$ cat target36.tsv   # TSV, C-alpha atoms and all ligand atoms
chain	number	residue	atom	x	y	z
A	1	MET	CA	-110.56	57.22	-157.10
A	2	LEU	CA	-110.62	56.97	-153.32
A	3	GLN	CA	-114.03	56.46	-151.83
A	4	ILE	CA	-114.37	57.85	-148.34
A	5	GLN	CA	-117.52	56.67	-146.60
A	6	GLU	CA	-119.11	58.19	-143.51
A	7	ASN	CA	-120.55	56.62	-140.34
A	8	VAL	CA	-119.66	53.04	-141.20
A	9	SER	CA	-120.29	50.23	-138.70
A	10	LEU	CA	-117.09	48.37	-137.87
A	11	LYS	CA	-118.92	45.32	-136.58
A	12	ASN	CA	-117.81	43.18	-139.50
A	13	PHE	CA	-114.29	44.59	-139.48
A	14	ASN	CA	-113.25	43.51	-135.96
A	15	THR	CA	-113.29	39.87	-134.91
A	16	PHE	CA	-114.60	40.82	-131.46
A	17	GLY	CA	-117.76	41.84	-133.31
A	18	VAL	CA	-118.03	45.11	-131.36
A	19	ASP	CA	-120.57	47.38	-133.00
A	20	ALA	CA	-118.66	50.68	-133.02
A	21	LYS	CA	-118.81	53.17	-135.89
A	22	ALA	CA	-116.11	54.91	-137.90
A	23	ARG	CA	-116.73	58.60	-138.59
A	24	TYR	CA	-114.88	58.12	-141.90
A	25	PHE	CA	-113.85	54.89	-143.59
A	26	VAL	CA	-111.72	54.13	-146.62
A	27	GLU	CA	-110.61	50.87	-148.17
A	28	ILE	CA	-107.15	50.82	-149.76
A	29	ASN	CA	-106.35	48.26	-152.43
A	30	ARG	CA	-103.33	49.85	-154.10
A	31	ASN	CA	-100.14	51.39	-152.73
A	32	ASP	CA	-100.61	54.62	-154.66
A	33	HIS	CA	-103.99	55.14	-153.01
A	34	LEU	CA	-102.16	55.60	-149.72
A	35	VAL	CA	-99.98	58.25	-151.33
A	36	GLU	CA	-103.06	59.99	-152.69
A	37	LEU	CA	-104.83	59.83	-149.31
A	38	PHE	CA	-101.96	61.30	-147.35
A	39	MET	CA	-101.31	64.06	-149.89
A	40	ASP	CA	-104.64	65.54	-148.90
A	41	PRO	CA	-104.11	67.67	-145.76
A	42	GLN	CA	-107.66	66.98	-144.53
A	43	TRP	CA	-106.97	63.25	-144.24
A	44	LYS	CA	-103.32	63.55	-143.30
A	45	GLN	CA	-104.15	65.62	-140.22
A	46	MET	CA	-107.10	63.55	-139.11
A	47	PRO	CA	-106.57	60.85	-136.42
A	48	HIS	CA	-106.58	57.49	-138.16
A	49	LEU	CA	-106.82	53.84	-137.35
A	50	VAL	CA	-105.34	51.20	-139.66
A	51	LEU	CA	-107.26	47.96	-139.94
A	52	GLY	CA	-106.13	44.68	-141.39
A	53	GLY	CA	-108.21	41.71	-140.33
A	54	GLY	CA	-109.23	43.52	-137.12
A	55	SER	CA	-108.33	40.37	-135.22
A	56	ASN	CA	-106.21	41.83	-132.47
A	57	MET	CA	-108.11	44.88	-131.33
A	58	LEU	CA	-110.84	46.01	-128.99
A	59	LEU	CA	-112.80	49.14	-129.93
A	60	LEU	CA	-113.92	50.96	-126.79
A	61	LYS	CA	-116.19	53.42	-128.59
A	62	ASP	CA	-117.04	54.95	-131.97
A	63	TYR	CA	-113.93	56.08	-133.81
A	64	GLU	CA	-114.10	59.79	-134.52
A	65	GLY	CA	-111.34	59.83	-137.15
A	66	LEU	CA	-110.58	57.99	-140.39
A	67	VAL	CA	-110.46	54.21	-140.42
A	68	ILE	CA	-108.17	52.91	-143.16
A	69	ARG	CA	-108.78	49.30	-144.13
A	70	ILE	CA	-105.87	47.76	-145.98
A	71	ASN	CA	-107.06	45.43	-148.71
A	72	ILE	CA	-103.91	45.25	-150.86
A	73	ARG	CA	-103.88	41.78	-152.42
A	74	GLY	CA	-101.53	39.60	-154.42
A	75	ILE	CA	-99.11	36.73	-153.76
A	76	GLU	CA	-95.89	36.27	-155.73
A	77	HIS	CA	-93.44	33.44	-155.31
A	78	ARG	CA	-89.98	32.61	-156.56
A	79	ILE	CA	-87.90	29.48	-156.06
A	80	SER	CA	-84.12	29.38	-155.94
A	81	HIS	CA	-82.68	25.91	-155.26
A	82	ASN	CA	-84.41	24.90	-152.02
A	83	ASP	CA	-85.25	28.44	-150.98
A	84	VAL	CA	-88.66	29.90	-151.63
A	85	PHE	CA	-89.37	33.62	-151.50
A	86	VAL	CA	-93.01	34.58	-151.18
A	87	GLU	CA	-94.25	38.15	-151.19
A	88	ALA	CA	-97.84	38.87	-150.19
A	89	GLY	CA	-99.96	42.02	-150.11
A	90	GLY	CA	-100.73	43.35	-146.63
A	91	GLY	CA	-104.46	42.78	-147.18
A	92	GLU	CA	-104.16	39.08	-147.89
A	93	VAL	CA	-105.80	36.88	-145.26
A	94	TRP	CA	-103.03	35.23	-143.24
A	95	ASN	CA	-104.48	31.74	-143.39
A	96	ASP	CA	-105.04	31.97	-147.16
A	97	LEU	CA	-101.32	32.62	-147.50
A	98	VAL	CA	-100.51	29.65	-145.24
A	99	ASN	CA	-102.77	27.43	-147.36
A	100	PHE	CA	-101.19	28.74	-150.57
A	101	CYS	CA	-97.74	27.80	-149.25
A	102	VAL	CA	-98.70	24.45	-147.73
A	103	ALA	CA	-100.45	23.39	-150.96
A	104	ARG	CA	-97.26	24.08	-152.95
A	105	GLY	CA	-94.92	22.40	-150.48
A	106	TYR	CA	-93.39	25.66	-149.24
A	107	ALA	CA	-92.38	24.90	-145.66
A	108	GLY	CA	-92.09	27.14	-142.61
A	109	MET	CA	-95.55	28.52	-141.91
A	110	GLU	CA	-97.45	25.30	-141.21
A	111	ASN	CA	-97.49	25.79	-137.42
A	112	LEU	CA	-99.05	29.21	-137.99
A	113	SER	CA	-102.11	27.71	-139.68
A	114	LEU	CA	-105.52	29.21	-138.96
A	115	ILE	CA	-104.27	32.28	-137.09
A	116	PRO	CA	-106.87	34.95	-137.81
A	117	GLY	CA	-105.82	38.30	-139.27
A	118	SER	CA	-104.08	39.80	-142.26
A	119	VAL	CA	-100.58	39.44	-143.66
A	120	GLY	CA	-99.87	43.14	-143.08
A	121	ALA	CA	-100.68	42.85	-139.39
A	122	SER	CA	-98.60	39.71	-138.86
A	123	PRO	CA	-95.23	41.43	-138.23
A	124	ILE	CA	-96.69	44.07	-135.92
A	125	GLN	CA	-97.12	41.68	-133.02
A	126	ASN	CA	-94.86	38.94	-134.40
A	127	ILE	CA	-97.69	36.40	-134.45
A	128	GLY	CA	-96.80	32.98	-133.13
A	129	ALA	CA	-98.14	29.57	-132.27
A	130	TYR	CA	-96.91	26.07	-131.44
A	131	GLY	CA	-93.23	26.93	-131.18
A	132	VAL	CA	-92.99	29.07	-134.34
A	133	GLU	CA	-93.09	32.84	-134.68
A	134	LEU	CA	-93.49	35.02	-137.72
A	135	LYS	CA	-89.88	36.18	-137.36
A	136	ASP	CA	-88.75	32.61	-138.20
A	137	VAL	CA	-90.03	32.99	-141.78
A	138	PHE	CA	-89.88	36.76	-142.17
A	139	GLN	CA	-87.49	38.26	-144.73
A	140	SER	CA	-88.58	41.90	-145.01
A	141	CYS	CA	-91.60	44.13	-145.33
A	142	ASN	CA	-92.50	47.23	-147.30
A	143	ALA	CA	-94.22	49.98	-145.36
A	144	PHE	CA	-95.68	53.40	-146.11
A	145	GLU	CA	-94.38	56.22	-143.95
A	146	LEU	CA	-97.27	58.51	-143.13
A	147	ALA	CA	-95.14	61.58	-142.39
A	148	THR	CA	-93.28	61.56	-145.71
A	149	GLY	CA	-95.68	59.70	-148.01
A	150	THR	CA	-92.88	57.35	-149.09
A	151	PHE	CA	-92.27	53.61	-148.87
A	152	LYS	CA	-89.48	51.98	-146.87
A	153	THR	CA	-88.18	48.41	-146.64
A	154	PHE	CA	-87.64	46.93	-143.17
A	155	THR	CA	-85.34	43.93	-142.78
A	156	LYS	CA	-85.79	41.39	-140.01
A	157	ALA	CA	-83.19	43.18	-137.87
A	158	ASP	CA	-84.93	46.53	-138.43
A	159	CYS	CA	-88.18	45.11	-137.06
A	160	LYS	CA	-86.72	44.30	-133.59
A	161	PHE	CA	-88.99	41.31	-133.13
A	162	GLY	CA	-89.70	39.99	-129.62
A	163	TYR	CA	-92.44	37.94	-127.99
A	164	ARG	CA	-95.60	39.48	-129.51
A	165	GLU	CA	-93.54	42.63	-130.13
A	166	SER	CA	-91.92	44.60	-132.95
A	167	ILE	CA	-90.75	48.11	-133.69
A	168	PHE	CA	-94.19	48.80	-135.22
A	169	LYS	CA	-95.77	48.33	-131.78
A	170	SER	CA	-93.14	50.34	-129.92
A	171	GLU	CA	-90.83	53.07	-131.30
A	172	LEU	CA	-92.61	53.43	-134.63
A	173	GLN	CA	-96.16	52.90	-133.44
A	174	GLY	CA	-98.63	54.61	-135.77
A	175	GLU	CA	-95.92	55.87	-138.12
A	176	TYR	CA	-96.02	53.22	-140.85
A	177	ILE	CA	-98.57	51.09	-142.69
A	178	ILE	CA	-97.28	47.70	-143.83
A	179	VAL	CA	-98.29	47.15	-147.45
A	180	SER	CA	-96.52	43.88	-148.22
A	181	VAL	CA	-94.43	41.22	-146.50
A	182	LYS	CA	-91.72	38.98	-147.97
A	183	PHE	CA	-91.17	35.53	-146.48
A	184	HIS	CA	-88.24	33.13	-146.76
A	185	LEU	CA	-89.52	29.55	-146.87
A	186	SER	CA	-88.00	26.27	-147.94
A	187	LEU	CA	-88.78	23.27	-150.12
A	188	VAL	CA	-87.24	21.12	-147.38
A	189	PRO	CA	-89.46	21.01	-144.28
A	190	ASN	CA	-87.83	21.49	-140.90
A	191	PHE	CA	-90.76	20.53	-138.74
A	192	ASN	CA	-91.22	21.93	-135.26
A	193	LEU	CA	-93.31	19.27	-133.54
A	194	LYS	CA	-92.12	19.84	-129.98
A	195	TYR	CA	-95.46	21.20	-128.80
A	196	GLY	CA	-97.05	18.27	-126.95
A	197	ALA	CA	-100.49	18.47	-128.51
A	198	ILE	CA	-99.02	18.25	-132.05
A	199	GLU	CA	-97.08	15.09	-131.23
A	200	GLN	CA	-100.13	13.62	-129.54
A	201	GLU	CA	-102.49	14.37	-132.42
A	202	LEU	CA	-100.05	12.99	-135.02
A	203	GLN	CA	-99.85	9.83	-132.94
A	204	ASN	CA	-103.66	9.65	-132.70
A	205	ARG	CA	-103.77	9.79	-136.50
A	206	GLY	CA	-101.09	7.13	-136.81
A	207	ILE	CA	-98.77	9.50	-138.68
A	208	THR	CA	-95.07	8.84	-138.16
A	209	GLU	CA	-93.64	10.74	-141.16
A	210	PRO	CA	-95.79	13.85	-141.42
A	211	THR	CA	-96.14	15.95	-144.54
A	212	LEU	CA	-96.63	19.72	-144.51
A	213	LYS	CA	-100.34	19.16	-145.04
A	214	ASP	CA	-100.51	16.77	-142.06
A	215	VAL	CA	-98.88	19.30	-139.76
A	216	SER	CA	-101.07	22.12	-141.00
A	217	GLN	CA	-104.19	20.00	-140.52
A	218	VAL	CA	-103.15	18.90	-137.04
A	219	VAL	CA	-102.41	22.48	-135.97
A	220	SER	CA	-105.76	23.61	-137.37
A	221	HIS	CA	-107.48	20.79	-135.49
A	222	ILE	CA	-105.83	21.79	-132.20
A	223	ARG	CA	-106.77	25.44	-132.70
A	224	VAL	CA	-110.39	24.61	-133.50
A	225	SER	CA	-110.66	22.41	-130.41
A	226	LYS	CA	-109.22	25.05	-128.07
A	227	LEU	CA	-110.11	28.41	-129.52
A	228	PRO	CA	-113.49	29.94	-130.41
A	229	ASP	CA	-114.18	30.59	-134.10
A	230	PRO	CA	-114.44	34.39	-134.48
A	231	SER	CA	-117.06	34.01	-137.20
A	232	THR	CA	-119.49	32.63	-134.62
A	233	ILE	CA	-118.17	33.88	-131.24
A	234	GLY	CA	-116.47	37.27	-131.24
A	235	ASN	CA	-112.92	37.20	-129.86
A	236	ALA	CA	-109.40	38.40	-130.56
A	237	GLY	CA	-107.41	35.30	-129.63
A	238	SER	CA	-105.30	35.58	-126.49
A	239	PHE	CA	-106.42	38.73	-124.71
A	240	PHE	CA	-103.31	38.90	-122.50
A	241	LYS	CA	-99.65	38.07	-123.04
A	242	ASN	CA	-98.08	35.24	-121.12
A	243	PRO	CA	-96.26	37.21	-118.40
A	244	ILE	CA	-92.46	36.99	-118.20
A	245	ILE	CA	-91.41	37.49	-114.59
A	246	SER	CA	-88.18	37.69	-112.58
A	247	ALA	CA	-86.62	34.60	-110.98
A	248	GLU	CA	-87.36	36.13	-107.54
A	249	LEU	CA	-91.05	36.59	-108.20
A	250	PHE	CA	-91.20	33.12	-109.74
A	251	ALA	CA	-89.65	31.62	-106.58
A	252	GLN	CA	-92.41	33.25	-104.51
A	253	VAL	CA	-95.20	32.05	-106.82
A	254	HIS	CA	-93.71	28.56	-107.07
A	255	ALA	CA	-93.39	28.24	-103.28
A	256	LYS	CA	-97.14	28.79	-102.89
A	257	PHE	CA	-98.26	27.11	-106.13
A	258	PRO	CA	-95.75	24.36	-107.06
A	259	GLU	CA	-97.91	23.28	-110.01
A	260	VAL	CA	-97.65	26.70	-111.73
A	261	VAL	CA	-97.24	26.19	-115.53
A	262	ASN	CA	-93.94	27.79	-116.54
A	263	TYR	CA	-91.34	27.94	-119.31
A	264	PRO	CA	-87.88	29.52	-119.59
A	265	GLY	CA	-88.40	33.22	-120.36
A	266	GLY	CA	-84.83	34.07	-121.42
A	267	ASP	CA	-82.17	35.93	-119.39
A	268	GLY	CA	-83.00	33.90	-116.27
A	269	ARG	CA	-86.60	35.08	-116.37
A	270	VAL	CA	-89.63	32.79	-116.32
A	271	LYS	CA	-92.69	32.82	-118.59
A	272	LEU	CA	-95.98	31.79	-117.00
A	273	ALA	CA	-99.10	30.52	-118.77
A	274	ALA	CA	-101.60	33.34	-118.32
A	275	GLY	CA	-104.45	30.94	-119.15
A	276	TRP	CA	-103.49	28.82	-116.15
A	277	LEU	CA	-103.29	31.83	-113.81
A	278	ILE	CA	-106.72	33.04	-114.97
A	279	GLU	CA	-108.25	29.59	-114.62
A	280	GLN	CA	-106.88	29.28	-111.07
A	281	CYS	CA	-108.73	32.49	-110.21
A	282	GLY	CA	-111.96	30.77	-111.21
A	283	TRP	CA	-112.61	32.67	-114.44
A	284	LYS	CA	-112.48	29.87	-116.99
A	285	GLY	CA	-115.73	29.62	-118.93
A	286	LYS	CA	-117.36	32.35	-116.78
A	287	VAL	CA	-120.05	34.41	-118.50
A	288	VAL	CA	-120.35	37.97	-117.18
A	289	GLY	CA	-123.04	40.01	-118.92
A	290	HIS	CA	-122.36	39.76	-122.67
A	291	THR	CA	-118.74	38.80	-122.21
A	292	GLY	CA	-116.65	36.13	-120.50
A	293	THR	CA	-113.71	33.79	-120.99
A	294	TRP	CA	-113.71	30.86	-123.40
A	295	LYS	CA	-114.65	27.49	-121.90
A	296	ASN	CA	-111.60	25.71	-123.33
A	297	GLN	CA	-109.02	28.50	-122.97
A	298	ALA	CA	-109.28	31.12	-120.23
A	299	LEU	CA	-106.80	33.43	-121.99
A	300	VAL	CA	-109.39	34.20	-124.65
A	301	LEU	CA	-112.11	36.74	-123.85
A	302	VAL	CA	-115.27	36.42	-125.90
A	303	ASN	CA	-118.28	38.43	-126.97
A	304	HIS	CA	-121.35	36.28	-126.39
A	305	GLY	CA	-123.35	38.77	-128.48
A	306	GLY	CA	-123.94	42.47	-128.01
A	307	ALA	CA	-120.92	43.17	-125.77
A	308	THR	CA	-119.54	46.68	-125.91
A	309	GLY	CA	-115.82	47.30	-125.95
A	310	GLU	CA	-116.08	48.99	-122.55
A	311	GLU	CA	-117.78	45.91	-121.10
A	312	VAL	CA	-115.03	43.58	-122.34
A	313	TYR	CA	-112.38	46.03	-121.15
A	314	SER	CA	-113.77	46.33	-117.65
A	315	PHE	CA	-114.10	42.53	-117.45
A	316	SER	CA	-110.43	42.26	-118.45
A	317	SER	CA	-109.56	44.69	-115.62
A	318	GLN	CA	-111.32	42.42	-113.12
A	319	ILE	CA	-109.22	39.50	-114.36
A	320	ILE	CA	-106.01	41.53	-114.05
A	321	ASP	CA	-106.94	42.53	-110.49
A	322	SER	CA	-107.75	39.02	-109.36
A	323	VAL	CA	-104.61	37.47	-110.89
A	324	TYR	CA	-102.54	40.19	-109.23
A	325	THR	CA	-104.21	39.63	-105.86
A	326	LYS	CA	-103.71	35.86	-105.95
A	327	PHE	CA	-100.27	35.58	-107.58
A	328	GLY	CA	-98.67	39.06	-107.44
A	329	VAL	CA	-98.28	38.84	-111.23
A	330	LEU	CA	-99.44	41.73	-113.41
A	331	LEU	CA	-101.02	40.63	-116.70
A	332	GLN	CA	-100.64	42.84	-119.74
A	333	ARG	CA	-103.20	43.04	-122.48
A	334	GLU	CA	-102.06	41.66	-125.81
A	335	VAL	CA	-104.87	43.11	-127.93
A	336	ASN	CA	-104.70	46.74	-129.04
A	337	ILE	CA	-107.16	48.83	-127.11
A	338	ILE	CA	-108.61	51.56	-129.35
A	339	SER	CA	-110.11	54.45	-127.41
B	401	LIG	N1	-103.85	26.59	-119.56
B	401	LIG	C1	-104.68	26.38	-118.50
B	401	LIG	N2	-105.94	26.89	-118.56
B	401	LIG	C2	-106.40	27.57	-119.63
B	401	LIG	C3	-105.55	27.79	-120.74
B	401	LIG	C4	-104.26	27.29	-120.67
B	401	LIG	O1	-104.30	25.77	-117.52
B	401	LIG	O2	-107.57	27.98	-119.62
B	401	LIG	C5	-102.51	25.99	-119.54
B	401	LIG	C6	-102.45	24.80	-120.49
B	401	LIG	O3	-102.83	23.65	-119.87
B	401	LIG	C7	-101.01	24.77	-120.89
B	401	LIG	C8	-100.60	26.22	-120.84
B	401	LIG	O4	-101.57	26.89	-120.06
B	401	LIG	O5	-100.25	24.07	-119.96
B	401	LIG	C9	-100.45	26.85	-122.20
B	401	LIG	O6	-101.69	26.82	-122.89
B	401	LIG	P1	-101.76	26.80	-124.50
B	401	LIG	O7	-100.89	25.75	-125.03
B	401	LIG	O8	-103.19	26.79	-124.88
B	401	LIG	O9	-101.07	28.14	-124.96
B	401	LIG	P2	-101.09	29.62	-124.38
B	401	LIG	O10	-99.76	29.89	-123.76
B	401	LIG	O11	-102.29	29.83	-123.53
B	401	LIG	C10	-100.05	30.70	-126.52
B	401	LIG	C11	-100.37	31.83	-127.46
B	401	LIG	C12	-101.46	31.42	-128.44
B	401	LIG	C13	-100.98	30.19	-129.21
B	401	LIG	C14	-100.65	29.07	-128.21
B	401	LIG	C15	-100.05	27.85	-128.86
B	401	LIG	C16	-99.88	33.87	-126.25
B	401	LIG	C17	-100.43	35.09	-125.56
B	401	LIG	N3	-100.78	33.00	-126.72
B	401	LIG	O12	-101.23	30.48	-125.72
B	401	LIG	O13	-101.63	32.48	-129.37
B	401	LIG	O14	-101.96	29.74	-130.11
B	401	LIG	O15	-99.67	29.56	-127.24
B	401	LIG	O16	-98.74	28.13	-129.26
B	401	LIG	O17	-98.67	33.74	-126.34
B	401	LIG	C18	-102.83	34.50	-129.72
B	401	LIG	O18	-101.77	35.09	-129.59
B	401	LIG	O19	-103.90	35.11	-129.96
B	401	LIG	C19	-102.87	33.05	-129.56
B	401	LIG	C20	-104.00	32.36	-129.59

$ encode --input "target36.tsv" --output "structure tokens"
Amino acid sequence: MLQIQENVSLKNFNTFGVDAKARYFVEINRNDHLVELFMDPQWKQMPHLVLGGGSNMLLLKDYEGLVIRINIRGIEHRISHNDVFVEAGGGEVWNDLVNFCVARGYAGMENLSLIPGSVGASPIQNIGAYGVELKDVFQSCNAFELATGTFKTFTKADCKFGYRESIFKSELQGEYIIVSVKFHLSLVPNFNLKYGAIEQELQNRGITEPTLKDVSQVVSHIRVSKLPDPSTIGNAGSFFKNPIISAELFAQVHAKFPEVVNYPGGDGRVKLAAGWLIEQCGWKGKVVGHTGTWKNQALVLVNHGGATGEEVYSFSSQIIDSVYTKFGVLLQREVNIIS
């Protein structure tokens, strides 16, 4: 039986810790509950918001529709020669899945250790860290189509993954709910240790031949040292994307700021480190009212306690304006803004 609750605080369901309310709220722990929910015209027609871990969103106000929290659990795994296929319910906690795989020697996700959020949300923005993206281990996902009440499998090609992008964030936004994800891992690690801080930390620990566990621990250590823990300081990770700009614009920025942190952006374009741009504008570690940027990583906006979504949003607009004024580069928000 589906239990629809009314006027539920979402404070504990979004990592920003914004205290907005849901007019209606339902928790889904089985696929057929979604079918049941969307067979009822009252719920089908109502605006709805799908929540996984709530780790990549900012709620601007109370939500007047139905909030659907996906809590579908379960992890299955199958080994074939050196290939490992792992399928996890959309409601599994991402880092629990990483730990499950690392503990069993299933390689591929170790650089994605400690990313907050749920498995079902991971393909939506193609989560990534330290040189690895979800798409590198993704095989397929199963998703519920709201319009038809049926389930559909999406292959990697179907998902059109890009930098913090997928079809679920663009063409099909709001049309599907991801209920499970299948991953293709390996018993033979193929470590990606190019990211400077990983190499450095392995060296500090005197590790020359790292195991999966070593890499996972080192990545977790780096994250903890740079990023605020959402269980104590509300945040949604990087608030903005690293901007990818044209070669022409880069030439202009570089002429004025030769030290600008940059990487190849593909197709002759250049990716800039948004955290660097924001820091150069003097925002790093700034506290403004109940919000601000994190002291060790200016790309992360935080809730110092009691911030409203509107407050964080308007602070983020100030940052966008000042980065644009100084560099001529327009930052885009990475978190989903729910209004
Ligand atoms: N930097 C600064 N000042 C800052 C922050 C960064 O100068 O306040 C500079 C750093 O010195 C470094 C560069 O910017 O040279 C890049 O910084 P970092 O390695 O911390 O990574 P990032 O580009 O800021 C991205 C992801 C993170 C991911 C890290 C590591 C995005 C939007 N963010 O951050 O992902 O953990 O790389 O791979 O792509 C997230 O998406 O929520 C997230 C945390």

$ residues_around --input "target36.tsv" --residues "Val312 in chain A" --least-positions-apart "3" --cutoff "12 Å" --atoms "all atoms listed in the file" --output "PyMOL selection string"
chain A and resi 16-18+57-61+234-236+239+287-293+300-309+315-319+333+335+337

$ write_last_selection --input "target36.tsv" --atoms "C-alpha atoms" --output "PDB file, in the coordinates of the input"
ATOM      1  CA  PHE A  16    -114.600  40.820-131.460  1.00  0.00           C
ATOM      2  CA  GLY A  17    -117.760  41.840-133.310  1.00  0.00           C
ATOM      3  CA  VAL A  18    -118.030  45.110-131.360  1.00  0.00           C
ATOM      4  CA  MET A  57    -108.110  44.880-131.330  1.00  0.00           C
ATOM      5  CA  LEU A  58    -110.840  46.010-128.990  1.00  0.00           C
ATOM      6  CA  LEU A  59    -112.800  49.140-129.930  1.00  0.00           C
ATOM      7  CA  LEU A  60    -113.920  50.960-126.790  1.00  0.00           C
ATOM      8  CA  LYS A  61    -116.190  53.420-128.590  1.00  0.00           C
ATOM      9  CA  GLY A 234    -116.470  37.270-131.240  1.00  0.00           C
ATOM     10  CA  ASN A 235    -112.920  37.200-129.860  1.00  0.00           C
ATOM     11  CA  ALA A 236    -109.400  38.400-130.560  1.00  0.00           C
ATOM     12  CA  PHE A 239    -106.420  38.730-124.710  1.00  0.00           C
ATOM     13  CA  VAL A 287    -120.050  34.410-118.500  1.00  0.00           C
ATOM     14  CA  VAL A 288    -120.350  37.970-117.180  1.00  0.00           C
ATOM     15  CA  GLY A 289    -123.040  40.010-118.920  1.00  0.00           C
ATOM     16  CA  HIS A 290    -122.360  39.760-122.670  1.00  0.00           C
ATOM     17  CA  THR A 291    -118.740  38.800-122.210  1.00  0.00           C
ATOM     18  CA  GLY A 292    -116.650  36.130-120.500  1.00  0.00           C
ATOM     19  CA  THR A 293    -113.710  33.790-120.990  1.00  0.00           C
ATOM     20  CA  VAL A 300    -109.390  34.200-124.650  1.00  0.00           C
ATOM     21  CA  LEU A 301    -112.110  36.740-123.850  1.00  0.00           C
ATOM     22  CA  VAL A 302    -115.270  36.420-125.900  1.00  0.00           C
ATOM     23  CA  ASN A 303    -118.280  38.430-126.970  1.00  0.00           C
ATOM     24  CA  HIS A 304    -121.350  36.280-126.390  1.00  0.00           C
ATOM     25  CA  GLY A 305    -123.350  38.770-128.480  1.00  0.00           C
ATOM     26  CA  GLY A 306    -123.940  42.470-128.010  1.00  0.00           C
ATOM     27  CA  ALA A 307    -120.920  43.170-125.770  1.00  0.00           C
ATOM     28  CA  THR A 308    -119.540  46.680-125.910  1.00  0.00           C
ATOM     29  CA  GLY A 309    -115.820  47.300-125.950  1.00  0.00           C
ATOM     30  CA  PHE A 315    -114.100  42.530-117.450  1.00  0.00           C
ATOM     31  CA  SER A 316    -110.430  42.260-118.450  1.00  0.00           C
ATOM     32  CA  SER A 317    -109.560  44.690-115.620  1.00  0.00           C
ATOM     33  CA  GLN A 318    -111.320  42.420-113.120  1.00  0.00           C
ATOM     34  CA  ILE A 319    -109.220  39.500-114.360  1.00  0.00           C
ATOM     35  CA  ARG A 333    -103.200  43.040-122.480  1.00  0.00           C
ATOM     36  CA  VAL A 335    -104.870  43.110-127.930  1.00  0.00           C
ATOM     37  CA  ILE A 337    -107.160  48.830-127.110  1.00  0.00           C
TER      38      ILE A 337
END

$ closest_residue --input "target36.tsv" --among "A:Tyr313, A:Tyr130, A:Tyr163, A:Phe257" --to "ligand LIG 401 (chain B)" --atoms "all atoms listed in the file"
A:Tyr130

$ closest_residue --input "target36.tsv" --among "A:Gly162, A:Gly65, A:Gly128, A:Gly52" --to "Gly91 in chain A" --atoms "all atoms listed in the file"
A:Gly52

$ closest_residue --input "target36.tsv" --among "A:Ser180, A:Ser166, A:Asn14, A:Gln125" --to "ligand LIG 401 (chain B)" --atoms "all atoms listed in the file"
A:Gln125

$ residues_near_ligand --input "target36.tsv" --ligand "ligand LIG 401 (chain B)" --cutoff "7 Å" --atoms "only C-alpha atoms and all ligand atoms" --output "VMD selection string"
chain A and resid 127 to 131 223 236 to 242 261 273 to 276 278 to 279 284 296 to 299 334

$ atom_distance --input "target36.tsv" --atom1 "CA of Leu185 in chain A" --atom2 "CA of Met109 in chain A"
7.9 Å

$ residues_around --input "target36.tsv" --residues "Phe13 in chain A" --least-positions-apart "5" --cutoff "12 Å" --atoms "all atoms listed in the file" --output "PyMOL selection string"
chain A and resi 8+18-22+25+27+50-59+67-71+117-118+230-231+234+236

$ atom_distance --input "target36.tsv" --atom1 "CA of Ala88 in chain A" --atom2 "CA of Thr232 in chain A"
27.4 Å

$ residues_around --input "target36.tsv" --residues "Phe250 in chain A" --least-positions-apart "6" --cutoff "9 Å" --atoms "all atoms listed in the file" --output "ChimeraX atom specification"
/A:269-272

$ atom_distance --input "target36.tsv" --atom1 "CA of Lys226 in chain A" --atom2 "CA of Asp214 in chain A"
18.4 Å

$ closest_atom_pairs --input "target36.tsv" --of "range 140-235 of chain A" --to "range 93-102 of chain A" --cutoff "12 Å" --atoms "only C-alpha atoms" --output "Markdown table"
| residue | atom | partner | partner_atom | distance |
| --- | --- | --- | --- | --- |
| A:Ser180 | CA | A:Trp94 | CA | 11.9 |
| A:Val181 | CA | A:Trp94 | CA | 11.0 |
| A:Lys182 | CA | A:Leu97 | CA | 11.5 |
| A:Phe183 | CA | A:Cys101 | CA | 10.5 |
| A:His184 | CA | A:Cys101 | CA | 11.2 |
| A:Leu185 | CA | A:Cys101 | CA | 8.7 |
| A:Ser186 | CA | A:Cys101 | CA | 9.9 |
| A:Leu187 | CA | A:Cys101 | CA | 10.1 |
| A:Val188 | CA | A:Val102 | CA | 11.9 |
| A:Pro189 | CA | A:Val102 | CA | 10.4 |
| A:Thr211 | CA | A:Val102 | CA | 9.4 |
| A:Leu212 | CA | A:Val102 | CA | 6.1 |
| A:Lys213 | CA | A:Val102 | CA | 6.2 |
| A:Asp214 | CA | A:Val102 | CA | 9.7 |
| A:Val215 | CA | A:Val102 | CA | 9.5 |
| A:Ser216 | CA | A:Val102 | CA | 7.5 |
| A:Gln217 | CA | A:Val102 | CA | 10.1 |
| A:Val219 | CA | A:Val98 | CA | 11.9 |
| A:Ser220 | CA | A:Asn95 | CA | 10.2 |

$ closest_residue --input "target36.tsv" --among "A:Val224, A:Leu330, A:Ser122, A:Leu202" --to "Leu249 in chain A" --atoms "all atoms listed in the file"
A:Leu330

$ closest_residue --input "target36.tsv" --among "A:Pro47, A:Pro123, A:Pro41, A:Gly90" --to "Ile28 in chain A" --atoms "all atoms listed in the file"
A:Gly90

$ residues_near_point --input "target36.tsv" --point "(-89.8, 39.2, -146.5)" --cutoff "8 Å" --atoms "all atoms listed in the file" --output "number ranges by chain"
A: 85-87, 137-141, 155-156, 181-184

$ closest_residue --input "target36.tsv" --among "A:Ile124, A:His221, A:Lys135, A:Arg23" --to "Glu171 in chain A" --atoms "only C-alpha atoms"
A:Ile124
